[in-house]
$ cat data-v1.pdb   # PDB, C-alpha atoms, pLDDT in the B column
ATOM      1  CA  MET B 235     -27.741  -9.154  -9.093  1.00 36.00           C
ATOM      2  CA  SER B 236     -24.299  -9.641  -7.613  1.00 38.00           C
ATOM      3  CA  ASP B 237     -21.239  -7.787  -8.938  1.00 43.00           C
ATOM      4  CA  ARG B 238     -18.890 -10.349  -7.394  1.00 43.00           C
ATOM      5  CA  GLU B 239     -16.552 -11.803  -9.985  1.00 44.00           C
ATOM      6  CA  PRO B 240     -16.969 -15.553 -10.504  1.00 41.00           C
ATOM      7  CA  GLU B 241     -13.998 -17.696  -9.499  1.00 40.00           C
ATOM      8  CA  THR B 242     -14.391 -20.348 -12.190  1.00 35.00           C
ATOM      9  CA  ASP B 243     -13.246 -20.549 -15.785  1.00 36.00           C
ATOM     10  CA  ASP B 244     -16.655 -21.790 -16.896  1.00 35.00           C
ATOM     11  CA  ALA B 245     -16.268 -24.265 -19.765  1.00 31.00           C
ATOM     12  CA  TRP B 246     -12.804 -23.061 -20.758  1.00 27.00           C
ATOM     13  CA  GLY B 247     -10.070 -25.517 -19.871  1.00 32.00           C
ATOM     14  CA  ALA B 248      -6.534 -24.578 -18.898  1.00 29.00           C
ATOM     15  CA  PHE B 249      -5.345 -24.737 -22.503  1.00 27.00           C
ATOM     16  CA  ALA B 250      -8.397 -23.387 -24.291  1.00 31.00           C
ATOM     17  CA  VAL B 251      -8.047 -20.221 -26.358  1.00 33.00           C
ATOM     18  CA  ARG B 252     -10.909 -17.771 -26.533  1.00 36.00           C
ATOM     19  CA  GLN B 253     -11.623 -16.197 -29.934  1.00 39.00           C
ATOM     20  CA  ASP B 254     -11.546 -12.743 -28.334  1.00 42.00           C
ATOM     21  CA  LEU B 255      -7.936 -13.271 -27.214  1.00 42.00           C
ATOM     22  CA  VAL B 256      -6.446 -13.664 -30.665  1.00 42.00           C
ATOM     23  CA  SER B 257      -6.120 -11.751 -33.894  1.00 43.00           C
ATOM     24  CA  SER B 258      -8.753 -12.814 -36.420  1.00 45.00           C
ATOM     25  CA  PRO B 259      -7.872 -11.154 -39.731  1.00 44.00           C
ATOM     26  CA  LEU B 260      -9.816 -13.804 -41.661  1.00 49.00           C
ATOM     27  CA  HIS B 261     -12.979 -13.202 -39.675  1.00 60.00           C
ATOM     28  CA  LYS B 262     -12.977  -9.404 -39.502  1.00 74.00           C
ATOM     29  CA  GLN B 263     -12.172  -7.248 -42.488  1.00 89.00           C
ATOM     30  CA  ALA B 264     -10.641  -3.788 -42.109  1.00 93.00           C
ATOM     31  CA  SER B 265     -13.392  -1.178 -42.006  1.00 95.00           C
ATOM     32  CA  THR B 266     -14.304   2.284 -40.760  1.00 97.00           C
ATOM     33  CA  PHE B 267     -17.357   3.090 -38.685  1.00 96.00           C
ATOM     34  CA  ALA B 268     -18.787   6.018 -36.727  1.00 97.00           C
ATOM     35  CA  LEU B 269     -20.256   6.077 -33.228  1.00 96.00           C
ATOM     36  CA  ASP B 270     -21.726   8.807 -31.043  1.00 97.00           C
ATOM     37  CA  PHE B 271     -22.243   6.804 -27.824  1.00 96.00           C
ATOM     38  CA  ASP B 272     -26.018   7.204 -27.819  1.00 95.00           C
ATOM     39  CA  GLY B 273     -25.890  10.895 -28.646  1.00 97.00           C
ATOM     40  CA  LEU B 274     -23.164  11.845 -26.155  1.00 97.00           C
ATOM     41  CA  LEU B 275     -20.992  13.100 -29.029  1.00 98.00           C
ATOM     42  CA  ASP B 276     -22.354  15.908 -31.200  1.00 97.00           C
ATOM     43  CA  VAL B 277     -19.767  14.992 -33.838  1.00 96.00           C
ATOM     44  CA  PRO B 278     -19.482  11.189 -34.121  1.00 97.00           C
ATOM     45  CA  LEU B 279     -16.093   9.583 -33.677  1.00 98.00           C
ATOM     46  CA  ARG B 280     -14.865   7.827 -36.803  1.00 98.00           C
ATOM     47  CA  LEU B 281     -12.743   4.777 -36.096  1.00 98.00           C
ATOM     48  CA  HIS B 282     -10.842   2.570 -38.501  1.00 97.00           C
ATOM     49  CA  GLU B 283     -10.382  -1.058 -37.427  1.00 96.00           C
ATOM     50  CA  ASP B 284      -7.705  -3.349 -38.836  1.00 95.00           C
ATOM     51  CA  VAL B 285      -6.573  -6.543 -37.094  1.00 93.00           C
ATOM     52  CA  ALA B 286      -3.826  -7.294 -39.618  1.00 92.00           C
ATOM     53  CA  LYS B 287      -1.192  -6.332 -37.026  1.00 90.00           C
ATOM     54  CA  GLY B 288      -2.918  -7.642 -33.921  1.00 89.00           C
ATOM     55  CA  ASN B 289      -6.229  -7.895 -32.104  1.00 87.00           C
ATOM     56  CA  GLY B 290      -5.714  -4.433 -30.629  1.00 89.00           C
ATOM     57  CA  GLY B 291      -6.692  -3.130 -34.043  1.00 92.00           C
ATOM     58  CA  GLN B 292     -10.400  -3.589 -33.380  1.00 92.00           C
ATOM     59  CA  ALA B 293     -12.717  -1.901 -30.900  1.00 91.00           C
ATOM     60  CA  TRP B 294     -13.651  -4.137 -27.956  1.00 89.00           C
ATOM     61  CA  PRO B 295     -16.750  -3.811 -25.732  1.00 89.00           C
ATOM     62  CA  ALA B 296     -14.745  -2.675 -22.698  1.00 88.00           C
ATOM     63  CA  GLY B 297     -13.568   0.382 -24.589  1.00 91.00           C
ATOM     64  CA  ARG B 298     -17.089   1.332 -25.569  1.00 93.00           C
ATOM     65  CA  VAL B 299     -18.294   0.959 -21.964  1.00 92.00           C
ATOM     66  CA  LEU B 300     -15.453   3.049 -20.577  1.00 94.00           C
ATOM     67  CA  ALA B 301     -15.690   5.782 -23.210  1.00 95.00           C
ATOM     68  CA  LYS B 302     -19.432   6.146 -22.721  1.00 96.00           C
ATOM     69  CA  TYR B 303     -19.051   6.388 -18.939  1.00 94.00           C
ATOM     70  CA  LEU B 304     -16.354   9.053 -19.230  1.00 96.00           C
ATOM     71  CA  LEU B 305     -18.384  11.126 -21.682  1.00 97.00           C
ATOM     72  CA  ARG B 306     -21.469  10.869 -19.524  1.00 95.00           C
ATOM     73  CA  LYS B 307     -19.935  11.478 -16.095  1.00 94.00           C
ATOM     74  CA  LYS B 308     -16.398  12.898 -16.331  1.00 95.00           C
ATOM     75  CA  ARG B 309     -16.370  15.646 -18.967  1.00 95.00           C
ATOM     76  CA  ASP B 310     -15.527  18.480 -16.594  1.00 94.00           C
ATOM     77  CA  GLU B 311     -12.751  16.506 -14.927  1.00 93.00           C
ATOM     78  CA  LEU B 312     -11.209  15.465 -18.226  1.00 96.00           C
ATOM     79  CA  LYS B 313     -11.398  18.924 -19.786  1.00 96.00           C
ATOM     80  CA  HIS B 314      -8.673  20.210 -17.472  1.00 95.00           C
ATOM     81  CA  SER B 315      -6.588  17.040 -17.047  1.00 96.00           C
ATOM     82  CA  SER B 316      -3.418  15.643 -18.572  1.00 96.00           C
ATOM     83  CA  ILE B 317      -4.553  12.320 -20.067  1.00 97.00           C
ATOM     84  CA  MET B 318      -2.636   9.227 -21.177  1.00 96.00           C
ATOM     85  CA  GLU B 319      -4.143   6.049 -22.630  1.00 97.00           C
ATOM     86  CA  LEU B 320      -2.340   2.712 -22.291  1.00 95.00           C
ATOM     87  CA  GLY B 321      -2.858  -0.131 -24.758  1.00 94.00           C
ATOM     88  CA  ALA B 322      -4.949   2.170 -26.933  1.00 96.00           C
ATOM     89  CA  GLY B 323      -5.160  -0.084 -30.000  1.00 95.00           C
ATOM     90  CA  GLY B 324      -6.874   2.162 -32.524  1.00 97.00           C
ATOM     91  CA  GLY B 325      -7.483   4.808 -29.856  1.00 97.00           C
ATOM     92  CA  LEU B 326     -11.211   4.390 -29.211  1.00 97.00           C
ATOM     93  CA  VAL B 327     -11.301   5.669 -25.615  1.00 97.00           C
ATOM     94  CA  GLY B 328      -8.717   8.426 -25.842  1.00 98.00           C
ATOM     95  CA  LEU B 329     -10.073   9.787 -29.106  1.00 98.00           C
ATOM     96  CA  ALA B 330     -13.663   9.718 -27.820  1.00 98.00           C
ATOM     97  CA  VAL B 331     -12.466  11.835 -24.901  1.00 98.00           C
ATOM     98  CA  ALA B 332     -10.617  14.160 -27.275  1.00 98.00           C
ATOM     99  CA  VAL B 333     -13.741  14.654 -29.414  1.00 98.00           C
ATOM    100  CA  GLY B 334     -16.196  14.999 -26.542  1.00 97.00           C
ATOM    101  CA  CYS B 335     -14.165  16.865 -23.927  1.00 97.00           C
ATOM    102  CA  ARG B 336     -11.720  18.959 -26.009  1.00 96.00           C
ATOM    103  CA  PRO B 337      -9.139  18.853 -23.173  1.00 96.00           C
ATOM    104  CA  ASP B 338      -6.710  21.707 -22.584  1.00 95.00           C
ATOM    105  CA  ASP B 339      -3.722  19.372 -23.099  1.00 94.00           C
ATOM    106  CA  ALA B 340      -3.396  16.880 -25.945  1.00 96.00           C
ATOM    107  CA  VAL B 341      -4.525  13.351 -25.117  1.00 97.00           C
ATOM    108  CA  GLU B 342      -1.571  10.958 -25.345  1.00 96.00           C
ATOM    109  CA  ILE B 343      -2.672   7.612 -26.817  1.00 97.00           C
ATOM    110  CA  THR B 344      -0.056   4.861 -26.619  1.00 96.00           C
ATOM    111  CA  ASP B 345       0.475   1.249 -27.596  1.00 95.00           C
ATOM    112  CA  GLN B 346       3.193  -0.968 -29.036  1.00 94.00           C
ATOM    113  CA  GLN B 347       4.857  -0.255 -32.384  1.00 96.00           C
ATOM    114  CA  PRO B 348       2.451  -2.351 -34.538  1.00 96.00           C
ATOM    115  CA  MET B 349      -0.473  -0.117 -33.487  1.00 97.00           C
ATOM    116  CA  LEU B 350       1.239   3.236 -34.090  1.00 97.00           C
ATOM    117  CA  GLU B 351       0.148   3.647 -37.714  1.00 97.00           C
ATOM    118  CA  LEU B 352      -3.479   2.816 -36.870  1.00 98.00           C
ATOM    119  CA  MET B 353      -3.538   5.300 -33.982  1.00 98.00           C
ATOM    120  CA  GLN B 354      -2.124   8.003 -36.251  1.00 98.00           C
ATOM    121  CA  GLN B 355      -4.659   7.127 -38.962  1.00 98.00           C
ATOM    122  CA  ASN B 356      -7.570   7.545 -36.552  1.00 98.00           C
ATOM    123  CA  ILE B 357      -6.238  10.853 -35.259  1.00 98.00           C
ATOM    124  CA  ALA B 358      -6.097  12.146 -38.847  1.00 98.00           C
ATOM    125  CA  LEU B 359      -9.484  10.632 -39.689  1.00 98.00           C
ATOM    126  CA  ASN B 360     -11.076  12.802 -36.974  1.00 98.00           C
ATOM    127  CA  GLU B 361      -8.833  15.863 -37.561  1.00 98.00           C
ATOM    128  CA  LEU B 362      -7.580  15.690 -33.967  1.00 98.00           C
ATOM    129  CA  GLN B 363      -3.917  16.477 -34.645  1.00 97.00           C
ATOM    130  CA  ASP B 364      -4.066  19.470 -32.281  1.00 96.00           C
ATOM    131  CA  ILE B 365      -5.562  17.620 -29.305  1.00 97.00           C
ATOM    132  CA  ALA B 366      -4.341  14.021 -29.611  1.00 98.00           C
ATOM    133  CA  LYS B 367      -0.902  12.468 -30.031  1.00 97.00           C
ATOM    134  CA  ALA B 368       0.030   8.849 -30.744  1.00 97.00           C
ATOM    135  CA  SER B 369       3.252   7.235 -29.559  1.00 95.00           C
ATOM    136  CA  VAL B 370       4.874   3.921 -28.700  1.00 95.00           C
ATOM    137  CA  TYR B 371       4.988   2.916 -25.042  1.00 94.00           C
ATOM    138  CA  ASP B 372       5.954  -0.590 -23.988  1.00 93.00           C
ATOM    139  CA  TRP B 373       4.720  -1.573 -20.541  1.00 92.00           C
ATOM    140  CA  GLY B 374       7.454  -1.954 -17.952  1.00 90.00           C
ATOM    141  CA  SER B 375       9.811   0.408 -19.800  1.00 87.00           C
ATOM    142  CA  ALA B 376      11.022   3.775 -18.560  1.00 79.00           C
ATOM    143  CA  ARG B 377       8.511   6.618 -18.539  1.00 75.00           C
ATOM    144  CA  LYS B 378       8.154   8.223 -21.949  1.00 71.00           C
ATOM    145  CA  ASP B 379       9.797  11.577 -22.639  1.00 75.00           C
ATOM    146  CA  GLY B 380       7.272  14.404 -22.649  1.00 73.00           C
ATOM    147  CA  VAL B 381       4.769  12.586 -20.444  1.00 75.00           C
ATOM    148  CA  PRO B 382       4.084  14.176 -17.042  1.00 78.00           C
ATOM    149  CA  ALA B 383       5.698  12.317 -14.148  1.00 81.00           C
ATOM    150  CA  TYR B 384       2.189  11.415 -13.017  1.00 90.00           C
ATOM    151  CA  PRO B 385      -0.617  12.135 -15.526  1.00 93.00           C
ATOM    152  CA  ASP B 386      -3.836  13.400 -13.984  1.00 94.00           C
ATOM    153  CA  VAL B 387      -5.810  10.668 -15.740  1.00 94.00           C
ATOM    154  CA  ILE B 388      -4.784   7.287 -17.148  1.00 93.00           C
ATOM    155  CA  LEU B 389      -7.114   5.363 -19.456  1.00 94.00           C
ATOM    156  CA  ALA B 390      -6.869   1.653 -20.208  1.00 90.00           C
ATOM    157  CA  ALA B 391      -9.445  -0.627 -21.831  1.00 90.00           C
ATOM    158  CA  ASP B 392      -9.102  -4.386 -22.327  1.00 87.00           C
ATOM    159  CA  CYS B 393      -5.434  -4.439 -21.380  1.00 87.00           C
ATOM    160  CA  VAL B 394      -5.800  -7.638 -19.338  1.00 83.00           C
ATOM    161  CA  TYR B 395      -5.662 -10.430 -21.917  1.00 80.00           C
ATOM    162  CA  HIS B 396      -2.027 -11.635 -22.252  1.00 82.00           C
ATOM    163  CA  GLU B 397      -0.937 -13.202 -18.960  1.00 83.00           C
ATOM    164  CA  PRO B 398       2.863 -12.885 -19.481  1.00 88.00           C
ATOM    165  CA  ALA B 399       2.362  -9.100 -19.741  1.00 87.00           C
ATOM    166  CA  PHE B 400       0.547  -8.819 -16.394  1.00 88.00           C
ATOM    167  CA  PRO B 401       3.695  -7.996 -14.344  1.00 91.00           C
ATOM    168  CA  LEU B 402       4.689  -5.348 -16.908  1.00 92.00           C
ATOM    169  CA  LEU B 403       1.254  -3.734 -16.764  1.00 90.00           C
ATOM    170  CA  GLN B 404       1.338  -3.760 -12.958  1.00 89.00           C
ATOM    171  CA  GLN B 405       4.768  -2.095 -13.039  1.00 89.00           C
ATOM    172  CA  THR B 406       3.559   0.550 -15.482  1.00 91.00           C
ATOM    173  CA  LEU B 407       0.575   1.371 -13.278  1.00 89.00           C
ATOM    174  CA  ARG B 408       2.871   1.705 -10.266  1.00 87.00           C
ATOM    175  CA  ASP B 409       5.219   3.951 -12.272  1.00 89.00           C
ATOM    176  CA  LEU B 410       2.543   6.281 -13.666  1.00 91.00           C
ATOM    177  CA  ILE B 411      -0.032   6.540 -10.890  1.00 89.00           C
ATOM    178  CA  GLY B 412       0.829   9.298  -8.418  1.00 88.00           C
ATOM    179  CA  PRO B 413      -0.978  10.755  -5.413  1.00 87.00           C
ATOM    180  CA  GLU B 414      -3.348  12.799  -7.590  1.00 89.00           C
ATOM    181  CA  THR B 415      -3.714  10.381 -10.530  1.00 90.00           C
ATOM    182  CA  VAL B 416      -6.968   8.605 -11.330  1.00 90.00           C
ATOM    183  CA  CYS B 417      -6.829   5.565 -13.618  1.00 90.00           C
ATOM    184  CA  TYR B 418      -9.960   4.531 -15.488  1.00 89.00           C
ATOM    185  CA  PHE B 419      -9.492   0.883 -16.390  1.00 85.00           C
ATOM    186  CA  CYS B 420     -11.806  -1.311 -18.491  1.00 79.00           C
ATOM    187  CA  TYR B 421     -11.265  -5.031 -18.118  1.00 79.00           C
ATOM    188  CA  LYS B 422     -12.963  -8.138 -19.486  1.00 78.00           C
ATOM    189  CA  ARG B 423     -12.770 -11.202 -17.244  1.00 76.00           C
ATOM    190  CA  ARG B 424     -11.901 -14.165 -19.398  1.00 75.00           C
ATOM    191  CA  ARG B 425     -10.184 -16.639 -17.065  1.00 78.00           C
ATOM    192  CA  ARG B 426      -8.960 -17.202 -13.535  1.00 81.00           C
ATOM    193  CA  ALA B 427      -5.608 -15.486 -14.201  1.00 81.00           C
ATOM    194  CA  ASP B 428      -7.463 -12.217 -14.759  1.00 77.00           C
ATOM    195  CA  ILE B 429      -8.971 -12.424 -11.281  1.00 78.00           C
ATOM    196  CA  HIS B 430      -5.506 -12.971  -9.816  1.00 83.00           C
ATOM    197  CA  PHE B 431      -4.300  -9.897 -11.720  1.00 81.00           C
ATOM    198  CA  MET B 432      -6.968  -7.755 -10.123  1.00 80.00           C
ATOM    199  CA  LYS B 433      -6.169  -9.101  -6.667  1.00 85.00           C
ATOM    200  CA  ALA B 434      -2.532  -8.146  -7.227  1.00 83.00           C
ATOM    201  CA  VAL B 435      -3.555  -4.633  -8.245  1.00 82.00           C
ATOM    202  CA  LYS B 436      -5.650  -4.280  -5.093  1.00 81.00           C
ATOM    203  CA  ARG B 437      -2.541  -4.976  -3.003  1.00 83.00           C
ATOM    204  CA  ASN B 438      -0.874  -1.870  -4.446  1.00 79.00           C
ATOM    205  CA  LEU B 439      -3.743   0.508  -5.213  1.00 80.00           C
ATOM    206  CA  ALA B 440      -7.036   1.527  -3.681  1.00 79.00           C
ATOM    207  CA  VAL B 441      -9.971   0.120  -5.646  1.00 74.00           C
ATOM    208  CA  GLU B 442     -13.453   1.550  -5.477  1.00 75.00           C
ATOM    209  CA  ASP B 443     -16.657   0.442  -7.189  1.00 73.00           C
ATOM    210  CA  VAL B 444     -18.220   2.986  -9.533  1.00 72.00           C
ATOM    211  CA  LEU B 445     -21.908   3.112  -8.747  1.00 77.00           C
ATOM    212  CA  ASP B 446     -23.081   6.168 -10.693  1.00 84.00           C
ATOM    213  CA  ASP B 447     -23.261   4.664 -14.181  1.00 81.00           C
ATOM    214  CA  PRO B 448     -26.874   4.299 -15.371  1.00 88.00           C
ATOM    215  CA  ASP B 449     -25.807   1.405 -17.611  1.00 84.00           C
ATOM    216  CA  ARG B 450     -24.261  -0.562 -14.753  1.00 77.00           C
ATOM    217  CA  ALA B 451     -27.017  -3.194 -14.541  1.00 77.00           C
ATOM    218  CA  ILE B 452     -26.868  -3.785 -18.303  1.00 81.00           C
ATOM    219  CA  TYR B 453     -23.156  -4.467 -18.568  1.00 73.00           C
ATOM    220  CA  ALA B 454     -22.941  -6.214 -15.190  1.00 67.00           C
ATOM    221  CA  SER B 455     -25.237  -8.858 -16.666  1.00 68.00           C
ATOM    222  CA  GLU B 456     -22.508  -9.456 -19.257  1.00 64.00           C
ATOM    223  CA  ASN B 457     -19.714  -9.652 -16.655  1.00 59.00           C
ATOM    224  CA  ILE B 458     -18.834  -5.971 -17.060  1.00 56.00           C
ATOM    225  CA  PHE B 459     -17.869  -4.195 -13.852  1.00 54.00           C
ATOM    226  CA  LEU B 460     -16.737  -0.619 -13.247  1.00 58.00           C
ATOM    227  CA  TYR B 461     -14.278   0.281 -10.495  1.00 60.00           C
ATOM    228  CA  ALA B 462     -11.859   3.156  -9.631  1.00 60.00           C
ATOM    229  CA  HIS B 463      -7.911   3.124  -8.720  1.00 51.00           C
ATOM    230  CA  SER B 464      -4.838   5.298  -8.073  1.00 53.00           C
ATOM    231  CA  ASP B 465      -2.506   5.859  -5.226  1.00 56.00           C
ATOM    232  CA  LYS B 466      -5.808   6.985  -3.769  1.00 48.00           C
ATOM    233  CA  VAL B 467      -8.500   5.750  -6.157  1.00 46.00           C
ATOM    234  CA  PHE B 468      -8.406   3.784  -9.421  1.00 53.00           C
ATOM    235  CA  VAL B 469     -11.415   3.408 -11.706  1.00 52.00           C
ATOM    236  CA  TRP B 470     -11.701  -0.168 -12.849  1.00 50.00           C
ATOM    237  CA  CYS B 471     -14.080  -1.519 -15.465  1.00 49.00           C
ATOM    238  CA  LEU B 472     -14.398  -5.283 -15.653  1.00 46.00           C
ATOM    239  CA  CYS B 473     -16.200  -6.378 -18.782  1.00 46.00           C
TER
END

$ encode --input "data-v1.pdb" --output "structure tokens"
Amino acid sequence: MSDREPETDDAWGAFAVRQDLVSSPLHKQASTFALDFDGLLDVPLRLHEDVAKGNGGQAWPAGRVLAKYLLRKKRDELKHSSIMELGAGGGLVGLAVAVGCRPDDAVEITDQQPMLELMQQNIALNELQDIAKASVYDWGSARKDGVPAYPDVILAADCVYHEPAFPLLQQTLRDLIGPETVCYFCYKRRRRADIHFMKAVKRNLAVEDVLDDPDRAIYASENIFLYAHSDKVFVWCLC
């Protein structure tokens, strides 16, 4: 099986819109569910989904893949790291890390203003007020007050879906990733523009395949790939 990303857009034309790119409040009702990532969490994470304010309000497969990998392989690293999540939506990845790793410093989960209430709701739902914080962070803007100049770990899942935001996301990664930062990035390839985004990232950051995930063959068959970036190494998950 090859992990090389396909260069075509399959059956999707230049103006086609994928259902997973848009908010679908009529198709998905607000609900709360629990998940333990196949037993990796002793106390399951409870997550409320609500797409009324945007498609970030639901949990996407890339977030599940990334969270499970981190819980399985990176607990010790994350326990003693400053952690910031970009484009958190409801906070799936960051809150899974908070529950499973109990880091020394509070996990900072961030997204745009419409997602703030949902992030705060999920923090309260899991009683994580002491080890997780939610805040607004718009890509391309100045670094947030209270955030380390370069967090030890940056998390991002399914942030590559709105092409006009690609330059802003690239700028944010350049701003936040320092010499000792590792960014774990989950990404679903939907169209050719996404491939160009990754190529642009590779021009600025080192990118390394992650080969130690036992589930790699399973999600690779669904166009899910796991990589690593930073100034030095960046973890990238393409799903």

$ closest_residue --input "data-v1.pdb" --among "B:Arg408, B:Lys378, B:Arg336, B:Lys262" --to "Leu305 of chain B" --atoms "all atoms listed in the file"
B:Arg336

$ residues_around --input "data-v1.pdb" --residues "Leu359 of chain B" --least-positions-apart "4" --cutoff "10 Å" --atoms "all atoms listed in the file" --output "list in words"
Thr266, Leu279, Arg280, Leu281, His282, Met353, Gln354, Gln355 and Gln363 of chain B

$ closest_residue --input "data-v1.pdb" --among "B:Arg424, B:Thr415, B:Asp392, B:Lys308" --to "Leu439 of chain B" --atoms "only C-alpha atoms"
B:Thr415

$ closest_residue --input "data-v1.pdb" --among "B:Ala390, B:Val299, B:Ala330, B:Ala427" --to "Thr344 of chain B" --atoms "only C-alpha atoms"
B:Ala390

$ atom_distance --input "data-v1.pdb" --atom1 "atom CA of Leu275 of chain B" --atom2 "atom CA of Cys417 of chain B"
22.2 Å

$ closest_residue --input "data-v1.pdb" --among "B:Glu397, B:Glu311, B:Asp339, B:Glu283" --to "Phe431 of chain B" --atoms "only C-alpha atoms"
B:Glu397

$ residues_around --input "data-v1.pdb" --residues "Gln404 of chain B" --least-positions-apart "5" --cutoff "10 Å" --atoms "all atoms listed in the file" --output "list in words"
Trp373, Gly374, Ala399, Asp409, Phe431, Met432, Ala434, Val435 and Asn438 of chain B

$ closest_residue --input "data-v1.pdb" --among "B:Asp272, B:Asp379, B:Asp345, B:Asp443" --to "Gly290 of chain B" --atoms "all atoms listed in the file"
B:Asp345

$ resolve_selection --input "data-v1.pdb" --expression "the PyMOL selection byres ((chain B and resi 410) around 7)" --output "CSV table (one decimal) with C-alpha atoms, in the coordinates of the input"
chain,number,residue,atom,x,y,z
B,383,ALA,CA,5.7,12.3,-14.1
B,384,TYR,CA,2.2,11.4,-13.0
B,385,PRO,CA,-0.6,12.1,-15.5
B,406,THR,CA,3.6,0.6,-15.5
B,407,LEU,CA,0.6,1.4,-13.3
B,408,ARG,CA,2.9,1.7,-10.3
B,409,ASP,CA,5.2,4.0,-12.3
B,411,ILE,CA,0.0,6.5,-10.9
B,412,GLY,CA,0.8,9.3,-8.4

$ atom_distance --input "data-v1.pdb" --atom1 "atom CA of Leu403 of chain B" --atom2 "atom CA of Val341 of chain B"
19.9 Å
